[in-house]
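J.: You'll find entry.cif just under this line, and it carries mmCIF, C-alpha atoms, pLDDT in the B column; chains and numbers go by the auth columns.
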data_data
loop_
_atom_site.group_PDB
_atom_site.id
_atom_site.type_symbol
_atom_site.label_atom_id
_atom_site.label_comp_id
_atom_site.label_asym_id
_atom_site.label_seq_id
_atom_site.Cartn_x
_atom_site.Cartn_y
_atom_site.Cartn_z
_atom_site.B_iso_or_equiv
_atom_site.auth_seq_id
_atom_site.auth_asym_id
ATOM 1 C CA MET A 1 2.501 -16.248 6.630 67.00 1 A
ATOM 2 C CA VAL A 2 2.386 -13.798 3.714 68.00 2 A
ATOM 3 C CA GLY A 3 1.613 -15.439 0.406 67.00 3 A
ATOM 4 C CA GLN A 4 1.032 -14.226 -3.120 56.00 4 A
ATOM 5 C CA THR A 5 -2.445 -15.104 -4.315 65.00 5 A
ATOM 6 C CA VAL A 6 -3.175 -13.306 -7.577 69.00 6 A
ATOM 7 C CA GLU A 7 -0.683 -11.853 -10.036 72.00 7 A
ATOM 8 C CA HIS A 8 -1.156 -10.065 -13.336 82.00 8 A
ATOM 9 C CA GLU A 9 1.483 -8.475 -15.529 85.00 9 A
ATOM 10 C CA ARG A 10 1.142 -5.110 -13.743 94.00 10 A
ATOM 11 C CA SER A 11 -0.804 -5.925 -10.560 95.00 11 A
ATOM 12 C CA ASN A 12 -0.653 -8.250 -7.617 95.00 12 A
ATOM 13 C CA LEU A 13 -2.502 -9.105 -4.422 95.00 13 A
ATOM 14 C CA TRP A 14 -0.831 -10.507 -1.317 94.00 14 A
ATOM 15 C CA VAL A 15 -2.604 -12.035 1.625 94.00 15 A
ATOM 16 C CA ALA A 16 -1.413 -12.985 5.089 94.00 16 A
ATOM 17 C CA VAL A 17 -2.985 -15.978 6.754 93.00 17 A
ATOM 18 C CA SER A 18 -2.785 -17.506 10.187 92.00 18 A
ATOM 19 C CA GLY A 19 -4.131 -21.030 10.121 91.00 19 A
ATOM 20 C CA ASP A 20 -7.389 -20.734 8.204 90.00 20 A
ATOM 21 C CA ASP A 21 -7.833 -17.030 8.995 93.00 21 A
ATOM 22 C CA LEU A 22 -7.129 -14.103 6.690 94.00 22 A
ATOM 23 C CA VAL A 23 -5.152 -11.616 8.807 96.00 23 A
ATOM 24 C CA GLY A 24 -3.906 -9.153 6.197 96.00 24 A
ATOM 25 C CA LYS A 25 -3.923 -8.082 2.560 97.00 25 A
ATOM 26 C CA LEU A 26 -2.306 -5.584 0.220 97.00 26 A
ATOM 27 C CA PHE A 27 -2.909 -4.758 -3.452 97.00 27 A
ATOM 28 C CA ALA A 28 -0.360 -3.202 -5.831 97.00 28 A
ATOM 29 C CA ARG A 29 -0.579 -1.953 -9.397 97.00 29 A
ATOM 30 C CA ILE A 30 2.154 -0.594 -11.660 97.00 30 A
ATOM 31 C CA ASP A 31 1.342 2.410 -13.838 97.00 31 A
ATOM 32 C CA GLU A 32 1.443 2.233 -17.650 95.00 32 A
ATOM 33 C CA GLU A 33 4.847 3.950 -17.775 95.00 33 A
ATOM 34 C CA LEU A 34 6.202 1.148 -15.531 95.00 34 A
ATOM 35 C CA THR A 35 7.719 3.643 -13.085 97.00 35 A
ATOM 36 C CA THR A 36 5.322 3.798 -10.119 98.00 36 A
ATOM 37 C CA VAL A 37 3.648 1.189 -7.940 98.00 37 A
ATOM 38 C CA TYR A 38 0.300 2.263 -6.504 98.00 38 A
ATOM 39 C CA LEU A 39 -0.385 0.497 -3.200 98.00 39 A
ATOM 40 C CA GLY A 40 -3.875 0.126 -1.788 97.00 40 A
ATOM 41 C CA ALA A 41 -6.412 -1.955 0.076 96.00 41 A
ATOM 42 C CA MET A 42 -3.927 -2.479 2.922 97.00 42 A
ATOM 43 C CA TRP A 43 -5.568 -4.158 5.881 97.00 43 A
ATOM 44 C CA VAL A 44 -4.381 -6.089 8.919 97.00 44 A
ATOM 45 C CA ALA A 45 -6.881 -7.731 11.257 97.00 45 A
ATOM 46 C CA PRO A 46 -7.151 -5.788 14.537 96.00 46 A
ATOM 47 C CA ASP A 47 -6.085 -8.754 16.666 95.00 47 A
ATOM 48 C CA ALA A 48 -3.023 -9.324 14.429 95.00 48 A
ATOM 49 C CA ARG A 49 -1.719 -5.740 14.450 94.00 49 A
ATOM 50 C CA GLY A 50 1.695 -5.154 15.939 93.00 50 A
ATOM 51 C CA ALA A 51 2.997 -8.569 14.848 95.00 51 A
ATOM 52 C CA GLY A 52 4.865 -7.308 11.765 96.00 52 A
ATOM 53 C CA ILE A 53 2.309 -8.473 9.194 96.00 53 A
ATOM 54 C CA GLY A 54 1.908 -5.033 7.629 97.00 54 A
ATOM 55 C CA GLY A 55 5.658 -4.686 7.274 97.00 55 A
ATOM 56 C CA ARG A 56 5.968 -8.084 5.606 96.00 56 A
ATOM 57 C CA LEU A 57 3.156 -7.247 3.183 96.00 57 A
ATOM 58 C CA MET A 58 4.846 -3.960 2.293 97.00 58 A
ATOM 59 C CA GLN A 59 8.218 -5.705 1.855 96.00 59 A
ATOM 60 C CA ALA A 60 6.652 -8.219 -0.525 95.00 60 A
ATOM 61 C CA ALA A 61 5.022 -5.477 -2.610 96.00 61 A
ATOM 62 C CA GLU A 62 8.147 -3.329 -2.690 96.00 62 A
ATOM 63 C CA ALA A 63 10.354 -6.275 -3.707 95.00 63 A
ATOM 64 C CA TRP A 64 7.863 -7.125 -6.453 95.00 64 A
ATOM 65 C CA GLY A 65 8.027 -3.532 -7.732 96.00 65 A
ATOM 66 C CA GLU A 66 11.812 -3.349 -7.552 96.00 66 A
ATOM 67 C CA ASP A 67 12.052 -6.589 -9.539 95.00 67 A
ATOM 68 C CA ARG A 68 10.082 -4.781 -12.251 95.00 68 A
ATOM 69 C CA GLY A 69 12.274 -1.671 -12.243 96.00 69 A
ATOM 70 C CA VAL A 70 9.909 0.869 -10.708 97.00 70 A
ATOM 71 C CA THR A 71 11.326 4.039 -9.182 96.00 71 A
ATOM 72 C CA ARG A 72 8.506 5.157 -6.879 98.00 72 A
ATOM 73 C CA TYR A 73 5.739 3.876 -4.625 98.00 73 A
ATOM 74 C CA GLU A 74 2.553 5.827 -3.842 98.00 74 A
ATOM 75 C CA LEU A 75 -0.362 5.252 -1.491 98.00 75 A
ATOM 76 C CA TRP A 76 -3.208 7.171 0.106 98.00 76 A
ATOM 77 C CA VAL A 77 -3.810 7.171 3.850 98.00 77 A
ATOM 78 C CA THR A 78 -6.568 8.672 5.966 97.00 78 A
ATOM 79 C CA GLU A 79 -4.986 11.581 7.834 96.00 79 A
ATOM 80 C CA ALA A 80 -6.988 10.830 10.982 97.00 80 A
ATOM 81 C CA ASN A 81 -5.468 7.331 11.147 96.00 81 A
ATOM 82 C CA GLN A 82 -2.242 8.420 12.796 97.00 82 A
ATOM 83 C CA ALA A 83 -1.145 4.847 13.508 95.00 83 A
ATOM 84 C CA ALA A 84 -1.199 4.119 9.757 97.00 84 A
ATOM 85 C CA VAL A 85 0.534 7.421 8.942 98.00 85 A
ATOM 86 C CA ARG A 86 3.318 6.625 11.448 97.00 86 A
ATOM 87 C CA PHE A 87 3.625 3.082 10.070 97.00 87 A
ATOM 88 C CA TYR A 88 4.121 4.273 6.493 98.00 88 A
ATOM 89 C CA GLU A 89 6.484 7.046 7.563 98.00 89 A
ATOM 90 C CA SER A 90 8.564 4.459 9.454 97.00 90 A
ATOM 91 C CA LEU A 91 9.008 2.701 6.102 97.00 91 A
ATOM 92 C CA GLY A 92 10.317 5.874 4.448 98.00 92 A
ATOM 93 C CA TYR A 93 7.097 7.208 2.939 98.00 93 A
ATOM 94 C CA VAL A 94 6.754 10.976 2.986 98.00 94 A
ATOM 95 C CA PRO A 95 3.585 13.068 2.730 97.00 95 A
ATOM 96 C CA THR A 96 2.875 15.003 -0.454 98.00 96 A
ATOM 97 C CA ASP A 97 0.687 18.075 -0.888 98.00 97 A
ATOM 98 C CA ASP A 98 -1.986 15.916 -2.571 98.00 98 A
ATOM 99 C CA ILE A 99 -5.095 15.611 -0.394 97.00 99 A
ATOM 100 C CA GLN A 100 -8.725 14.820 -1.155 97.00 100 A
ATOM 101 C CA MET A 101 -11.903 13.696 0.518 97.00 101 A
ATOM 102 C CA LEU A 102 -12.079 9.933 1.057 95.00 102 A
ATOM 103 C CA ARG A 103 -15.303 9.796 -0.951 94.00 103 A
ATOM 104 C CA GLU A 104 -18.209 12.087 -1.756 95.00 104 A
ATOM 105 C CA GLY A 105 -20.113 12.958 1.405 95.00 105 A
ATOM 106 C CA SER A 106 -17.289 11.839 3.702 94.00 106 A
ATOM 107 C CA GLU A 107 -15.600 14.144 6.194 95.00 107 A
ATOM 108 C CA LEU A 108 -12.410 12.052 6.122 96.00 108 A
ATOM 109 C CA VAL A 109 -9.385 13.483 4.334 97.00 109 A
ATOM 110 C CA VAL A 110 -6.797 11.273 2.674 98.00 110 A
ATOM 111 C CA ARG A 111 -3.252 12.287 1.793 98.00 111 A
ATOM 112 C CA LYS A 112 -0.901 10.793 -0.765 98.00 112 A
ATOM 113 C CA LEU A 113 2.381 9.471 0.587 98.00 113 A
ATOM 114 C CA GLN A 114 5.265 8.387 -1.592 98.00 114 A
ATOM 115 C CA ARG A 115 8.689 6.792 -1.429 98.00 115 A
ATOM 116 C CA ALA A 116 11.311 6.989 -4.165 96.00 116 A
ATOM 117 C CA ILE A 117 13.868 4.263 -4.695 89.00 117 A
#
Step by step, read the file and then write its structure as structure tokens.

T.:
Amino acid sequence: MVGQTVEHERSNLWVAVSGDDLVGKLFARIDEELTTVYLGAMWVAPDARGAGIGGRLMQAAEAWGEDRGVTRYELWVTEANQAAVRFYESLGYVPTDDIQMLREGSELVVRKLQRAI
């Protein structure tokens, strides 16, 4: 089950639970211009992957953004995580030219993906 747990005027956090177990989460924040939703902190428990939880979390966040009139969604994904890249691309997200290191000292590269409404 995907349920909304915390909502603010321009941000929200959804969690997915199975029984008493947290099996997924996703955070979203709308920019100050109220045009773009930034998605982040997406996670699905390894033993729950492939069951559609990630898709339901994304649907909840996108519906929330559309209800608020946004025109674009953006997220960052680690390029080496091809399963995540394919997942987001299957939802209509396209890579941009924006890349950066995951964090200082890391060898992992992240790329911005976006989807316009």

J.: Mind checking which residues fall within 7 Å of Thr78 (chain A), counting all atoms listed in the file, ignoring those fewer than 5 positions away in the same chain, and posting them as a PDB file with C-alpha atoms, in the frame of the given file?

T.:
ATOM      1  CA  LEU A 108     -12.410  12.052   6.122  1.00 96.00           C
ATOM      2  CA  VAL A 109      -9.385  13.483   4.334  1.00 97.00           C
ATOM      3  CA  VAL A 110      -6.797  11.273   2.674  1.00 98.00           C
ATOM      4  CA  ARG A 111      -3.252  12.287   1.793  1.00 98.00           C
TER       5      ARG A 111
END

J.: Could you check the closest approach to Glu7 (chain A) for each of A:Leu34, A:Ala116, A:Ala28, A:Met58 and tell me which residue wins, using all atoms listed in the file?

T.: A:Ala28

J.: Rounded to one decimal in Å, what is the spacing between CA of Arg72 (chain A) and CA of Ile30 (chain A)?

T.: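 Interatomic distance here is 9.8 Å.
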
J.: Kindly give the distance, in Å, that separates CA of Arg10 (chain A) and CA of Glu62 (chain A), rounded to a single decimal.

T.: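 Taking CA of Arg10 (chain A) as the start and CA of Glu62 (chain A) as the end point, the length is 13.2 Å.
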
J.: Find the residue from A:Lys112, A:Lys25, A:Arg68, A:His8 that sits nearest to Gly54 (chain A); use all atoms listed in the file when measuring.

T.: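 Among A:Lys112, A:Lys25, A:Arg68, A:His8, it is A:Lys25 that comes nearest to Gly54 (chain A).
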
J.: Find the spatial neighbours of Leu75 (chain A), counting only C-alpha atoms, within a cut-off of 8 Å - ignore same-chain residues fewer than 6 positions away - and output them as a CSV table (one decimal) with C-alpha atoms, in the frame of the given file.

T.:
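The resulting file, part_9.csv, is reproduced below:
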chain,number,residue,atom,x,y,z
A,38,TYR,CA,0.3,2.3,-6.5
A,39,LEU,CA,-0.4,0.5,-3.2
A,40,GLY,CA,-3.9,0.1,-1.8
A,112,LYS,CA,-0.9,10.8,-0.8
A,113,LEU,CA,2.4,9.5,0.6
A,114,GLN,CA,5.3,8.4,-1.6

J.: When distances are computed from all atoms listed in the file, which of A:Glu104, A:Glu89, A:Asp31, A:Asp97 shows the smallest separation from Gly69 (chain A)?

T.: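 Among the listed residues, the smallest separation from Gly69 (chain A) belongs to A:Asp31.
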
J.: To one decimal place in Å, what is the distance between CA of Ala51 (chain A) and CA of Gly92 (chain A)?

T.: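 Taking CA of Ala51 (chain A) and CA of Gly92 (chain A), their separation equals 19.2 Å.
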
J.: Measuring between only C-alpha atoms, which one of A:Val85, A:Leu102, A:Val23, A:Ile117 shows the shortest distance to Gly52 (chain A)?

T.: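 Counting only C-alpha atoms, the residue closest to Gly52 (chain A) is A:Val23.
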
J.: Return the single residue from A:Asp47, A:Ala83, A:Val70, A:Glu107 that is closest to Glu33 (chain A), with distances computed using all atoms listed in the file.

T.: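 Under the stated criterion, the closest residue is A:Val70.
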
J.: Run through the PyMOL selection byres ((chain A and resi 18) around 12) on the given coordinates and return the selected residues as a PDB file with C-alpha atoms, in the coordinates of the input.

T.:
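So expr.pdb came out as:
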ATOM      1  CA  MET A   1       2.501 -16.248   6.630  1.00 67.00           C
ATOM      2  CA  VAL A   2       2.386 -13.798   3.714  1.00 68.00           C
ATOM      3  CA  GLY A   3       1.613 -15.439   0.406  1.00 67.00           C
ATOM      4  CA  VAL A  15      -2.604 -12.035   1.625  1.00 94.00           C
ATOM      5  CA  ALA A  16      -1.413 -12.985   5.089  1.00 94.00           C
ATOM      6  CA  VAL A  17      -2.985 -15.978   6.754  1.00 93.00           C
ATOM      7  CA  GLY A  19      -4.131 -21.030  10.121  1.00 91.00           C
ATOM      8  CA  ASP A  20      -7.389 -20.734   8.204  1.00 90.00           C
ATOM      9  CA  ASP A  21      -7.833 -17.030   8.995  1.00 93.00           C
ATOM     10  CA  LEU A  22      -7.129 -14.103   6.690  1.00 94.00           C
ATOM     11  CA  VAL A  23      -5.152 -11.616   8.807  1.00 96.00           C
ATOM     12  CA  GLY A  24      -3.906  -9.153   6.197  1.00 96.00           C
ATOM     13  CA  VAL A  44      -4.381  -6.089   8.919  1.00 97.00           C
ATOM     14  CA  ALA A  45      -6.881  -7.731  11.257  1.00 97.00           C
ATOM     15  CA  ASP A  47      -6.085  -8.754  16.666  1.00 95.00           C
ATOM     16  CA  ALA A  48      -3.023  -9.324  14.429  1.00 95.00           C
ATOM     17  CA  ALA A  51       2.997  -8.569  14.848  1.00 95.00           C
ATOM     18  CA  ILE A  53       2.309  -8.473   9.194  1.00 96.00           C
TER      19      ILE A  53
END

J.: Name the residues, using the chain letters and numbers of the file, that sit within 6 Å of (-3.2, -5.6, -4.4) when counting all atoms listed in the file, and give them as a VMD selection string.

T.: chain A and resid 12 to 13 26 to 28

J.: Here is a test: counting only C-alpha atoms, which residue of A:Glu66, A:Ala84, A:Arg115, A:Val37 is nearest to Gly50 (chain A)?

T.: A:Ala84
